[in-house]
file data.pdb (PDB, C-alpha atoms)
ATOM      1  CA  MET W   1       0.000   0.000   0.000
ATOM      2  CA  GLU W   2       0.982   3.633  -0.514
ATOM      3  CA  VAL W   3       2.912   5.218   2.338
ATOM      4  CA  ILE W   4       2.122   8.677   3.724
ATOM      5  CA  PRO W   5       4.935  10.851   2.307
ATOM      6  CA  THR W   6       7.676  12.559   4.278
ATOM      7  CA  VAL W   7       9.494  14.005   1.237
ATOM      8  CA  VAL W   8       8.499  17.190  -0.589
ATOM      9  CA  THR W   9       9.890  18.128  -4.005
ATOM     10  CA  ALA W  10      10.639  21.686  -5.115
ATOM     11  CA  SER W  11      13.078  23.543  -7.339
ATOM     12  CA  ARG W  12      14.170  25.948  -4.580
ATOM     13  CA  TRP W  13      14.090  25.646  -0.805
ATOM     14  CA  GLY W  14      13.360  28.439   1.630
ATOM     15  CA  ILE W  15      14.254  26.190   4.565
ATOM     16  CA  GLU W  16      16.036  22.856   4.434
ATOM     17  CA  THR W  17      17.448  20.469   7.026
ATOM     18  CA  ALA W  18      19.293  17.182   6.565
ATOM     19  CA  GLY W  19      19.995  14.663   9.302
ATOM     20  CA  LEU W  20      19.289  17.335  11.897
ATOM     21  CA  THR W  21      19.667  15.926  15.409
ATOM     22  CA  ARG W  22      19.541  17.626  18.785
ATOM     23  CA  ARG W  23      19.694  15.952  22.189
ATOM     24  CA  TYR W  24      19.242  17.203  25.729
ATOM     25  CA  GLY W  25      21.049  14.579  27.747
ATOM     26  CA  ALA W  26      19.246  11.303  27.130
ATOM     27  CA  THR W  27      16.261  13.077  25.564
ATOM     28  CA  VAL W  28      16.188  13.305  21.767
ATOM     29  CA  ALA W  29      14.452  16.543  20.732
ATOM     30  CA  LEU W  30      15.142  16.173  16.988
ATOM     31  CA  GLU W  31      16.055  12.906  15.299
ATOM     32  CA  GLU W  32      17.680  13.039  11.842
ATOM     33  CA  LEU W  33      15.143  15.600  10.713
ATOM     34  CA  ALA W  34      14.845  16.161   6.965
ATOM     35  CA  LEU W  35      12.429  19.072   6.768
ATOM     36  CA  THR W  36      12.056  20.889   3.443
ATOM     37  CA  VAL W  37      10.026  24.064   2.985
ATOM     38  CA  PRO W  38       9.700  25.240  -0.626
ATOM     39  CA  GLU W  39      10.601  28.856  -1.228
ATOM     40  CA  GLY W  40       7.497  31.000  -0.807
ATOM     41  CA  ALA W  41       5.466  28.298   0.947
ATOM     42  CA  ILE W  42       3.405  28.692   4.100
ATOM     43  CA  TYR W  43       4.356  25.565   5.984
ATOM     44  CA  LEU W  44       2.493  24.378   9.055
ATOM     45  CA  LEU W  45       4.633  22.336  11.437
ATOM     46  CA  ALA W  46       2.167  20.600  13.732
ATOM     47  CA  GLY W  47       2.762  18.473  16.774
ATOM     48  CA  ARG W  48       2.022  18.123  20.431
ATOM     49  CA  ASN W  49       3.776  20.205  23.061
ATOM     50  CA  GLY W  50       7.276  18.819  23.466
ATOM     51  CA  ALA W  51       7.448  17.359  19.950
ATOM     52  CA  GLY W  52      10.544  19.422  19.069
ATOM     53  CA  LYS W  53       8.985  22.369  17.238
ATOM     54  CA  THR W  54      10.586  25.124  19.315
ATOM     55  CA  THR W  55      13.958  23.353  19.286
ATOM     56  CA  LEU W  56      13.866  23.244  15.484
ATOM     57  CA  LEU W  57      13.106  26.950  15.174
ATOM     58  CA  ARG W  58      15.900  27.831  17.583
ATOM     59  CA  VAL W  59      18.358  25.716  15.575
ATOM     60  CA  LEU W  60      17.241  27.421  12.349
ATOM     61  CA  LEU W  61      17.715  30.790  14.023
ATOM     62  CA  GLY W  62      21.211  29.817  15.146
ATOM     63  CA  VAL W  63      20.419  30.298  18.832
ATOM     64  CA  ILE W  64      21.300  26.689  19.674
ATOM     65  CA  ARG W  65      23.570  24.226  17.921
ATOM     66  CA  ALA W  66      22.507  20.927  16.443
ATOM     67  CA  ASP W  67      24.422  17.841  17.547
ATOM     68  CA  ALA W  68      24.459  16.550  13.973
ATOM     69  CA  GLY W  69      23.168  17.426  10.532
ATOM     70  CA  ASP W  70      22.744  20.661   8.596
ATOM     71  CA  ALA W  71      20.177  23.448   8.430
ATOM     72  CA  PHE W  72      19.811  26.176   5.804
ATOM     73  CA  VAL W  73      17.538  29.221   5.818
ATOM     74  CA  GLY W  74      17.255  31.183   2.593
ATOM     75  CA  GLY W  75      20.257  29.263   1.276
ATOM     76  CA  VAL W  76      22.434  30.330   4.230
ATOM     77  CA  ARG W  77      23.718  27.780   6.728
ATOM     78  CA  SER W  78      22.301  28.292  10.206
ATOM     79  CA  GLY W  79      24.839  28.683  12.970
ATOM     80  CA  PRO W  80      26.021  30.750  15.914
ATOM     81  CA  ASN W  81      27.505  33.434  13.642
ATOM     82  CA  GLY W  82      23.956  34.620  12.962
ATOM     83  CA  ALA W  83      24.396  34.907   9.185
ATOM     84  CA  ALA W  84      21.047  33.263   8.470
ATOM     85  CA  ARG W  85      19.362  35.349  11.162
ATOM     86  CA  VAL W  86      19.616  38.570   9.145
ATOM     87  CA  GLY W  87      16.841  37.549   6.766
ATOM     88  CA  ILE W  88      14.535  36.045   9.394
ATOM     89  CA  GLY W  89      11.506  37.474  11.149
ATOM     90  CA  TYR W  90      11.010  35.532  14.361
ATOM     91  CA  VAL W  91       8.168  35.264  16.844
ATOM     92  CA  PRO W  92       9.347  33.211  19.843
ATOM     93  CA  GLU W  93       7.102  30.999  21.916
ATOM     94  CA  SER W  94       7.710  33.116  25.022
ATOM     95  CA  GLN W  95       6.464  36.686  25.461
ATOM     96  CA  GLU W  96       9.292  37.601  27.847
ATOM     97  CA  THR W  97      11.412  40.621  26.873
ATOM     98  CA  PRO W  98      14.496  42.326  28.357
ATOM     99  CA  TYR W  99      13.186  45.746  27.271
ATOM    100  CA  GLY W 100      10.436  46.170  29.865
ATOM    101  CA  ALA W 101      11.436  49.703  30.842
ATOM    102  CA  LEU W 102      11.229  51.032  27.279
ATOM    103  CA  ARG W 103       8.212  52.603  25.672
ATOM    104  CA  LEU W 104       7.002  50.817  22.579
ATOM    105  CA  ARG W 105       8.080  53.610  20.218
ATOM    106  CA  ASP W 106      11.617  53.425  21.665
ATOM    107  CA  LEU W 107      11.735  49.656  21.218
ATOM    108  CA  LEU W 108      10.706  50.021  17.567
ATOM    109  CA  ALA W 109      13.398  52.655  17.015
ATOM    110  CA  HIS W 110      15.998  50.448  18.701
ATOM    111  CA  VAL W 111      15.186  47.406  16.533
ATOM    112  CA  ALA W 112      15.009  49.539  13.359
ATOM    113  CA  ARG W 113      18.677  50.515  13.806
ATOM    114  CA  TYR W 114      19.691  46.873  13.331
ATOM    115  CA  ARG W 115      17.373  46.130  10.414
ATOM    116  CA  ARG W 116      18.449  47.744   7.145
ATOM    117  CA  SER W 117      15.200  46.785   5.474
ATOM    118  CA  TRP W 118      13.012  48.227   8.253
ATOM    119  CA  ASP W 119       9.829  49.781   6.831
ATOM    120  CA  GLY W 120       8.712  52.480   9.246
ATOM    121  CA  GLU W 121       5.411  53.188   7.493
ATOM    122  CA  TYR W 122       4.562  49.504   7.490
ATOM    123  CA  ALA W 123       5.423  49.255  11.195
ATOM    124  CA  GLN W 124       3.000  52.090  11.933
ATOM    125  CA  HIS W 125       0.318  50.395   9.842
ATOM    126  CA  LEU W 126       0.747  47.181  11.842
ATOM    127  CA  MET W 127       0.624  49.149  15.097
ATOM    128  CA  ARG W 128      -2.720  50.661  14.107
ATOM    129  CA  GLU W 129      -4.177  47.355  12.920
ATOM    130  CA  LEU W 130      -3.104  45.624  16.136
ATOM    131  CA  GLU W 131      -4.306  48.511  18.323
ATOM    132  CA  LEU W 132      -0.960  49.163  19.981
ATOM    133  CA  ASP W 133      -0.113  52.473  21.656
ATOM    134  CA  ALA W 134       3.440  53.641  20.915
ATOM    135  CA  ALA W 135       3.565  55.467  24.261
ATOM    136  CA  SER W 136       2.941  52.303  26.285
ATOM    137  CA  ARG W 137       5.735  50.890  28.416
ATOM    138  CA  ILE W 138       6.609  47.306  27.493
ATOM    139  CA  GLU W 139       6.424  46.153  31.128
ATOM    140  CA  ALA W 140       2.799  47.339  31.334
ATOM    141  CA  LEU W 141       1.593  45.329  28.333
ATOM    142  CA  SER W 142      -0.543  42.207  28.650
ATOM    143  CA  LYS W 143       0.505  38.826  27.300
ATOM    144  CA  GLY W 144      -1.650  39.342  24.218
ATOM    145  CA  GLN W 145      -0.265  42.831  23.611
ATOM    146  CA  LEU W 146       3.303  41.548  23.892
ATOM    147  CA  ARG W 147       2.504  38.905  21.280
ATOM    148  CA  ARG W 148       1.241  41.648  18.964
ATOM    149  CA  VAL W 149       4.433  43.637  19.527
ATOM    150  CA  GLN W 150       6.497  40.583  18.588
ATOM    151  CA  LEU W 151       4.538  40.276  15.355
ATOM    152  CA  VAL W 152       5.196  43.935  14.509
ATOM    153  CA  LEU W 153       8.930  43.424  15.093
ATOM    154  CA  ALA W 154       8.967  40.235  13.005
ATOM    155  CA  LEU W 155       7.093  41.649  10.009
ATOM    156  CA  SER W 156       8.214  45.269   9.782
ATOM    157  CA  HIS W 157      11.575  44.593   8.144
ATOM    158  CA  ARG W 158       9.847  42.469   5.479
ATOM    159  CA  PRO W 159      12.138  39.425   5.869
ATOM    160  CA  GLY W 160      12.434  36.664   3.307
ATOM    161  CA  VAL W 161      11.722  34.013   5.959
ATOM    162  CA  LEU W 162       9.289  34.055   8.875
ATOM    163  CA  LEU W 163       9.662  31.629  11.794
ATOM    164  CA  LEU W 164       6.523  31.837  13.918
ATOM    165  CA  ASP W 165       6.315  29.806  17.136
ATOM    166  CA  GLU W 166       2.705  29.641  18.387
ATOM    167  CA  PRO W 167       2.040  33.095  16.862
ATOM    168  CA  THR W 168      -1.529  33.425  18.196
ATOM    169  CA  ASP W 169      -0.766  32.294  21.741
ATOM    170  CA  GLY W 170      -2.298  34.700  24.263
ATOM    171  CA  LEU W 171      -4.547  36.442  21.732
ATOM    172  CA  ASP W 172      -8.304  36.734  22.068
ATOM    173  CA  PRO W 173     -10.439  35.449  19.146
ATOM    174  CA  LEU W 174     -10.809  38.895  17.545
ATOM    175  CA  ALA W 175      -7.078  39.595  17.725
ATOM    176  CA  ARG W 176      -6.325  36.164  16.285
ATOM    177  CA  ASP W 177      -8.517  36.946  13.295
ATOM    178  CA  VAL W 178      -6.704  40.252  12.752
ATOM    179  CA  VAL W 179      -3.289  38.582  12.993
ATOM    180  CA  LEU W 180      -4.195  35.865  10.500
ATOM    181  CA  ARG W 181      -5.522  38.504   8.094
ATOM    182  CA  LEU W 182      -2.325  40.520   8.438
ATOM    183  CA  LEU W 183      -0.237  37.438   7.703
ATOM    184  CA  VAL W 184      -2.195  36.831   4.505
ATOM    185  CA  GLU W 185      -1.746  40.464   3.482
ATOM    186  CA  HIS W 186       1.947  40.347   4.360
ATOM    187  CA  VAL W 187       2.846  37.336   2.207
ATOM    188  CA  THR W 188       0.753  38.807  -0.633
ATOM    189  CA  ASP W 189       2.660  42.103  -0.557
ATOM    190  CA  SER W 190       6.054  40.741   0.572
ATOM    191  CA  PRO W 191       6.512  37.157  -0.637
ATOM    192  CA  ALA W 192       8.218  35.119   2.055
ATOM    193  CA  THR W 193       8.783  31.561   3.166
ATOM    194  CA  VAL W 194       6.755  31.030   6.336
ATOM    195  CA  LEU W 195       7.220  28.245   8.881
ATOM    196  CA  VAL W 196       4.505  28.230  11.548
ATOM    197  CA  ALA W 197       4.994  25.877  14.486
ATOM    198  CA  THR W 198       1.823  25.312  16.471
ATOM    199  CA  HIS W 199      -0.417  22.763  18.117
ATOM    200  CA  VAL W 200      -3.495  24.952  17.439
ATOM    201  CA  VAL W 201      -3.885  23.608  13.934
ATOM    202  CA  GLN W 202      -7.384  24.772  13.024
ATOM    203  CA  GLU W 203      -6.270  28.420  12.859
ATOM    204  CA  MET W 204      -3.940  27.618   9.960
ATOM    205  CA  ASP W 205      -6.538  25.783   7.867
ATOM    206  CA  ARG W 206      -7.023  28.730   5.504
ATOM    207  CA  LEU W 207      -3.331  29.647   5.274
ATOM    208  CA  ALA W 208      -1.086  26.590   5.082
ATOM    209  CA  ASP W 209      -0.165  25.131   1.701
ATOM    210  CA  HIS W 210       2.338  22.605   3.107
ATOM    211  CA  VAL W 211       2.078  20.475   6.229
ATOM    212  CA  GLY W 212       4.614  18.663   8.378
ATOM    213  CA  VAL W 213       3.670  16.537  11.374
ATOM    214  CA  LEU W 214       6.306  16.176  14.075
ATOM    215  CA  ARG W 215       6.135  13.483  16.734
ATOM    216  CA  GLU W 216       8.860  13.011  19.350
ATOM    217  CA  GLY W 217      11.404  14.773  17.139
ATOM    218  CA  ARG W 218      10.622  12.789  13.984
ATOM    219  CA  LEU W 219       8.700  13.852  10.893
ATOM    220  CA  ILE W 220       5.943  11.305  10.399
ATOM    221  CA  ALA W 221       4.378  13.183   7.489
ATOM    222  CA  GLN W 222       5.420  16.008   5.136
ATOM    223  CA  LEU W 223       3.305  16.874   2.123
ATOM    224  CA  THR W 224       1.285  19.532   0.366
ATOM    225  CA  ARG W 225      -2.067  20.598   1.775
ATOM    226  CA  ASP W 226      -3.760  19.568  -1.476
ATOM    227  CA  GLU W 227      -2.299  16.071  -1.266
ATOM    228  CA  LEU W 228      -3.436  15.719   2.330
ATOM    229  CA  ARG W 229      -6.981  16.789   1.417
ATOM    230  CA  SER W 230      -7.205  14.514  -1.594
ATOM    231  CA  LYS W 231      -5.680  11.353  -0.139
ATOM    232  CA  LEU W 232      -6.703  11.257   3.520
ATOM    233  CA  ARG W 233     -10.468  10.870   3.436
ATOM    234  CA  ARG W 234     -13.322   9.671   5.589
ATOM    235  CA  TYR W 235     -15.421   6.958   3.938
ATOM    236  CA  ARG W 236     -18.924   5.977   5.030
ATOM    237  CA  PHE W 237     -20.216   2.655   3.798
ATOM    238  CA  ARG W 238     -22.419  -0.327   4.533
ATOM    239  CA  ALA W 239     -21.036  -3.845   4.468
ATOM    240  CA  PRO W 240     -22.514  -7.300   5.043
ATOM    241  CA  ALA W 241     -21.873  -8.885   8.432
ATOM    242  CA  ASP W 242     -19.711 -11.656   6.990
ATOM    243  CA  TRP W 243     -17.631  -9.518   4.639
ATOM    244  CA  THR W 244     -13.858  -9.708   4.283
ATOM    245  CA  PRO W 245     -12.380  -6.182   4.312
ATOM    246  CA  PRO W 246      -9.968  -5.361   1.483
ATOM    247  CA  GLU W 247      -6.351  -4.431   2.092
ATOM    248  CA  LEU W 248      -6.370  -0.690   2.739
ATOM    249  CA  ASP W 249      -4.190   1.845   4.554
ATOM    250  CA  VAL W 250      -6.763   2.553   7.289
ATOM    251  CA  ALA W 251      -5.858   5.316   9.713
ATOM    252  CA  HIS W 252      -9.001   5.138  11.839
ATOM    253  CA  ARG W 253     -12.043   2.876  12.123
ATOM    254  CA  ASN W 254     -15.448   3.772  13.523
ATOM    255  CA  GLY W 255     -18.985   2.444  13.352
ATOM    256  CA  GLY W 256     -20.225  -1.100  12.856
ATOM    257  CA  PRO W 257     -21.357  -3.778  12.552
ATOM    258  CA  ALA W 258     -23.134  -2.830   9.318
ATOM    259  CA  GLU W 259     -22.517   0.933   9.122
ATOM    260  CA  HIS W 260     -18.833   1.849   8.911
ATOM    261  CA  GLU W 261     -16.816   5.071   8.943
ATOM    262  CA  TRP W 262     -13.156   4.636   8.063
ATOM    263  CA  THR W 263     -10.426   7.205   7.508
ATOM    264  CA  VAL W 264      -8.210   5.849   4.751
ATOM    265  CA  TRP W 265      -5.061   7.058   2.995
ATOM    266  CA  GLY W 266      -5.042   6.609  -0.784
ATOM    267  CA  GLU W 267      -6.549   7.689  -4.073
ATOM    268  CA  GLU W 268     -10.322   7.978  -3.664
ATOM    269  CA  SER W 269     -11.084   6.015  -6.805
ATOM    270  CA  GLU W 270      -8.842   3.142  -5.718
ATOM    271  CA  VAL W 271     -10.148   3.049  -2.138
ATOM    272  CA  SER W 272     -13.802   3.209  -3.206
ATOM    273  CA  GLY W 273     -13.165   0.567  -5.855
ATOM    274  CA  ARG W 274     -11.589  -1.845  -3.374
ATOM    275  CA  LEU W 275     -14.424  -1.371  -0.909
ATOM    276  CA  ALA W 276     -17.006  -1.964  -3.644
ATOM    277  CA  SER W 277     -15.188  -5.058  -4.891
ATOM    278  CA  ALA W 278     -15.298  -6.463  -1.362
ATOM    279  CA  GLY W 279     -19.075  -6.002  -1.220
ATOM    280  CA  ALA W 280     -19.342  -2.644   0.550
ATOM    281  CA  ALA W 281     -21.668   0.151  -0.570
ATOM    282  CA  VAL W 282     -19.875   3.507  -0.218
ATOM    283  CA  SER W 283     -22.237   6.402   0.544
ATOM    284  CA  ALA W 284     -19.715   9.216   1.113
ATOM    285  CA  ALA W 285     -16.034  10.063   0.785
ATOM    286  CA  ALA W 286     -15.057  13.420   2.264
ATOM    287  CA  PRO W 287     -11.797  15.212   3.070
ATOM    288  CA  LEU W 288     -10.869  15.953   6.682
ATOM    289  CA  THR W 289     -10.303  19.384   8.110
ATOM    290  CA  LEU W 290      -6.646  20.172   8.674
ATOM    291  CA  ASP W 291      -7.124  19.738  12.419
ATOM    292  CA  GLU W 292      -8.800  16.341  11.968
ATOM    293  CA  ALA W 293      -6.083  15.209   9.567
ATOM    294  CA  VAL W 294      -3.235  16.141  11.922
ATOM    295  CA  ILE W 295      -4.916  14.465  14.898
ATOM    296  CA  THR W 296      -5.409  11.321  12.818
ATOM    297  CA  LEU W 297      -1.751  11.282  11.754
ATOM    298  CA  LEU W 298      -0.525  11.827  15.304
ATOM    299  CA  LYS W 299      -2.571   8.853  16.488
ATOM    300  CA  LEU W 300      -1.052   6.499  13.944
ATOM    301  CA  GLU W 301       1.348   3.911  15.259
ATOM    302  CA  ASP W 302       4.935   3.988  14.004
ATOM    303  CA  ARG W 303       4.915   3.241  10.309
TER     304      ARG W 303
END

call {"tool": "encode", "arguments": {"input": "data.pdb", "output": "structure tokens"}}
result
Amino acid sequence: MEVIPTVVTASRWGIETAGLTRRYGATVALEELALTVPEGAIYLLAGRNGAGKTTLLRVLLGVIRADAGDAFVGGVRSGPNGAARVGIGYVPESQETPYGALRLRDLLAHVARYRRSWDGEYAQHLMRELELDAASRIEALSKGQLRRVQLVLALSHRPGVLLLDEPTDGLDPLARDVVLRLLVEHVTDSPATVLVATHVVQEMDRLADHVGVLREGRLIAQLTRDELRSKLRRYRFRAPADWTPPELDVAHRNGGPAEHEWTVWGEESEVSGRLASAGAAVSAAAPLTLDEAVITLLKLEDR
């Protein structure tokens, strides 16, 4: 049977890792990771807390070293010299900042000095859209406001690569909607390769065009969003009590004894044909939401 892919093909990579491994003592955070993000893609990296998402982003940023393997961002090798960091906009998982005593306008001015491509007008536009007051002191901002500040800092220099670690964490539903809209507008006006690491998958359903699923430091799936929608489907069918099921790549089974609901990986025509040949009557074959698909993949046993 067909195997769920972990290899993506593209002519140019925005982000690429090969054999990337990182350990913390006896704990393996990343295990021979071969993650490939096509240039200009919006790539969702999904996984549970502790799967290795934050570690990967910090390796790509050059903040921590890998124990083995290579990582490239925008064609530049990641490392402690920070060469790759120049072209990266980064939103960290934490909202902590060492600039608590500064006012927001002073923080923006400080960061702008180190970013040659800083777009002051765009920064002000983002400030207005995210309802941030330039006179506010950083230490007085809420968790959600700090997250919005981090997004302004990440986007305003219009980087070629965005690394976003739980970018909507701490935001209320209205603010989340604004942030997602701004991200869509940003990549439309300033094409960039975007890697979003999150466990809140449903928010990325309308944005992501590539998906990677990380479990315990290993990529268990890596494919385009279109391929995931077309090949991982939920089938509803009736089958006789004494039927012999066909050989299928079944990810989840539900229902029974006569009414069945299976989530199956494969071409719809082939899956429906095999079910019909075995005596089943298929009544529906529907794609999963992105959230449902990721949960299904994370529940799969090692393949």

call {"tool": "residues_around", "arguments": {"input": "data.pdb", "residues": "range 192-206 of chain W", "least_positions_apart": "4", "cutoff": "9 Å", "atoms": "all atoms listed in the file", "output": "PyMOL selection string"}}
result
chain W and resi 13-15+37-49+53-54+57+74+158-169+176-177+180+186-188+289-292+294

call {"tool": "residues_around", "arguments": {"input": "data.pdb", "residues": "Gly120 in chain W", "least_positions_apart": "4", "cutoff": "12 Å", "atoms": "all atoms listed in the file", "output": "ChimeraX atom specification"}}
result
/W:105,108-109,111-113,115-116,124-127,152-153,155-158

call {"tool": "residues_around", "arguments": {"input": "data.pdb", "residues": "range 235-246 of chain W", "least_positions_apart": "6", "cutoff": "12 Å", "atoms": "all atoms listed in the file", "output": "PyMOL selection string"}}
result
chain W and resi 1+252-288

call {"tool": "closest_residue", "arguments": {"input": "data.pdb", "among": "W:Ala71, W:Leu61, W:Ala18, W:Leu107", "to": "Leu146 in chain W", "atoms": "all atoms listed in the file"}}
result
W:Leu107

call {"tool": "resolve_selection", "arguments": {"input": "data.pdb", "expression": "the PyMOL selection byres ((chain W and resi 93-100) around 7)", "output": "ChimeraX atom specification"}}
result
/W:91-92,101-102,137-139,143,146-147,165-166

call {"tool": "write_last_selection", "arguments": {"input": "data.pdb", "atoms": "C-alpha atoms", "output": "mmCIF file, keeping the file's coordinate frame"}}
result
data_model
loop_
_atom_site.group_PDB
_atom_site.id
_atom_site.type_symbol
_atom_site.label_atom_id
_atom_site.label_comp_id
_atom_site.auth_asym_id
_atom_site.auth_seq_id
_atom_site.Cartn_x
_atom_site.Cartn_y
_atom_site.Cartn_z
ATOM 1 C CA VAL W 91 8.168 35.264 16.844
ATOM 2 C CA PRO W 92 9.347 33.211 19.843
ATOM 3 C CA ALA W 101 11.436 49.703 30.842
ATOM 4 C CA LEU W 102 11.229 51.032 27.279
ATOM 5 C CA ARG W 137 5.735 50.890 28.416
ATOM 6 C CA ILE W 138 6.609 47.306 27.493
ATOM 7 C CA GLU W 139 6.424 46.153 31.128
ATOM 8 C CA LYS W 143 0.505 38.826 27.300
ATOM 9 C CA LEU W 146 3.303 41.548 23.892
ATOM 10 C CA ARG W 147 2.504 38.905 21.280
ATOM 11 C CA ASP W 165 6.315 29.806 17.136
ATOM 12 C CA GLU W 166 2.705 29.641 18.387
#

call {"tool": "atom_distance", "arguments": {"input": "data.pdb", "atom1": "CA of Leu104 in chain W", "atom2": "CA of Glu131 in chain W"}}
result
12.3 Å

call {"tool": "closest_residue", "arguments": {"input": "data.pdb", "among": "W:Leu171, W:Ala134, W:Ala51, W:Leu20", "to": "Ser78 in chain W", "atoms": "only C-alpha atoms"}}
result
W:Leu20

call {"tool": "atom_distance", "arguments": {"input": "data.pdb", "atom1": "CA of Leu60 in chain W", "atom2": "CA of Gly79 in chain W"}}
result
7.7 Å

call {"tool": "atom_distance", "arguments": {"input": "data.pdb", "atom1": "CA of Val213 in chain W", "atom2": "CA of Gly82 in chain W"}}
result
27.2 Å

call {"tool": "resolve_selection", "arguments": {"input": "data.pdb", "expression": "the PyMOL selection byres ((chain W and resi 8) around 10)", "output": "PyMOL selection string"}}
result
chain W and resi 5-7+9-10+34-38+210-212+221-224

call {"tool": "residues_near_point", "arguments": {"input": "data.pdb", "point": "(10.7, 13.2, 13.4)", "cutoff": "8 Å", "atoms": "all atoms listed in the file", "output": "ChimeraX atom specification"}}
result
/W:30-33,214-220

call {"tool": "closest_residue", "arguments": {"input": "data.pdb", "among": "W:Arg77, W:Arg12, W:Arg148, W:Arg23", "to": "Leu182 in chain W", "atoms": "only C-alpha atoms"}}
result
W:Arg148

call {"tool": "build_atoms", "arguments": {"input": "data.pdb", "residues": "range 242-256 of chain W", "atoms": "N, CA, C and O atoms", "output": "PDB file, keeping the file's coordinate frame"}}
result
ATOM      1  N   ASP W 242     -20.753 -10.635   7.176  1.00  0.00           N
ATOM      2  CA  ASP W 242     -19.711 -11.656   6.990  1.00  0.00           C
ATOM      3  C   ASP W 242     -18.664 -11.251   5.943  1.00  0.00           C
ATOM      4  O   ASP W 242     -17.951 -12.094   5.406  1.00  0.00           O
ATOM      5  N   TRP W 243     -18.530  -9.934   5.713  1.00  0.00           N
ATOM      6  CA  TRP W 243     -17.631  -9.518   4.639  1.00  0.00           C
ATOM      7  C   TRP W 243     -16.170  -9.631   5.060  1.00  0.00           C
ATOM      8  O   TRP W 243     -15.826  -9.630   6.232  1.00  0.00           O
ATOM      9  N   THR W 244     -15.307  -9.715   4.054  1.00  0.00           N
ATOM     10  CA  THR W 244     -13.858  -9.708   4.283  1.00  0.00           C
ATOM     11  C   THR W 244     -13.317  -8.365   3.801  1.00  0.00           C
ATOM     12  O   THR W 244     -13.327  -8.086   2.604  1.00  0.00           O
ATOM     13  N   PRO W 245     -12.857  -7.510   4.722  1.00  0.00           N
ATOM     14  CA  PRO W 245     -12.380  -6.182   4.312  1.00  0.00           C
ATOM     15  C   PRO W 245     -11.198  -6.287   3.352  1.00  0.00           C
ATOM     16  O   PRO W 245     -10.353  -7.182   3.488  1.00  0.00           O
ATOM     17  N   PRO W 246     -11.111  -5.367   2.395  1.00  0.00           N
ATOM     18  CA  PRO W 246      -9.968  -5.361   1.483  1.00  0.00           C
ATOM     19  C   PRO W 246      -8.726  -4.804   2.172  1.00  0.00           C
ATOM     20  O   PRO W 246      -8.808  -4.198   3.240  1.00  0.00           O
ATOM     21  N   GLU W 247      -7.587  -4.995   1.567  1.00  0.00           N
ATOM     22  CA  GLU W 247      -6.351  -4.431   2.092  1.00  0.00           C
ATOM     23  C   GLU W 247      -6.338  -2.931   1.800  1.00  0.00           C
ATOM     24  O   GLU W 247      -6.311  -2.514   0.643  1.00  0.00           O
ATOM     25  N   LEU W 248      -6.365  -2.146   2.861  1.00  0.00           N
ATOM     26  CA  LEU W 248      -6.370  -0.690   2.739  1.00  0.00           C
ATOM     27  C   LEU W 248      -5.474  -0.087   3.818  1.00  0.00           C
ATOM     28  O   LEU W 248      -5.246  -0.710   4.861  1.00  0.00           O
ATOM     29  N   ASP W 249      -4.998   1.134   3.574  1.00  0.00           N
ATOM     30  CA  ASP W 249      -4.190   1.845   4.554  1.00  0.00           C
ATOM     31  C   ASP W 249      -5.143   2.640   5.450  1.00  0.00           C
ATOM     32  O   ASP W 249      -5.353   3.839   5.271  1.00  0.00           O
ATOM     33  N   VAL W 250      -5.737   1.964   6.427  1.00  0.00           N
ATOM     34  CA  VAL W 250      -6.763   2.553   7.289  1.00  0.00           C
ATOM     35  C   VAL W 250      -6.102   3.251   8.472  1.00  0.00           C
ATOM     36  O   VAL W 250      -5.370   2.628   9.242  1.00  0.00           O
ATOM     37  N   ALA W 251      -6.414   4.539   8.607  1.00  0.00           N
ATOM     38  CA  ALA W 251      -5.858   5.316   9.713  1.00  0.00           C
ATOM     39  C   ALA W 251      -6.758   5.294  10.940  1.00  0.00           C
ATOM     40  O   ALA W 251      -6.289   5.404  12.071  1.00  0.00           O
ATOM     41  N   HIS W 252      -8.062   5.150  10.717  1.00  0.00           N
ATOM     42  CA  HIS W 252      -9.001   5.138  11.839  1.00  0.00           C
ATOM     43  C   HIS W 252     -10.262   4.401  11.425  1.00  0.00           C
ATOM     44  O   HIS W 252     -10.735   4.551  10.296  1.00  0.00           O
ATOM     45  N   ARG W 253     -10.793   3.609  12.357  1.00  0.00           N
ATOM     46  CA  ARG W 253     -12.043   2.876  12.123  1.00  0.00           C
ATOM     47  C   ARG W 253     -13.090   3.301  13.135  1.00  0.00           C
ATOM     48  O   ARG W 253     -12.801   3.485  14.305  1.00  0.00           O
ATOM     49  N   ASN W 254     -14.336   3.436  12.648  1.00  0.00           N
ATOM     50  CA  ASN W 254     -15.448   3.772  13.523  1.00  0.00           C
ATOM     51  C   ASN W 254     -16.699   3.103  12.963  1.00  0.00           C
ATOM     52  O   ASN W 254     -16.738   2.686  11.800  1.00  0.00           O
ATOM     53  N   GLY W 255     -17.726   3.023  13.803  1.00  0.00           N
ATOM     54  CA  GLY W 255     -18.985   2.444  13.352  1.00  0.00           C
ATOM     55  C   GLY W 255     -19.026   0.945  13.475  1.00  0.00           C
ATOM     56  O   GLY W 255     -18.177   0.323  14.107  1.00  0.00           O
ATOM     57  N   GLY W 256     -20.050   0.340  12.859  1.00  0.00           N
ATOM     58  CA  GLY W 256     -20.225  -1.100  12.856  1.00  0.00           C
ATOM     59  C   GLY W 256     -21.484  -1.511  13.607  1.00  0.00           C
ATOM     60  O   GLY W 256     -22.075  -0.743  14.335  1.00  0.00           O
TER      61      GLY W 256
END
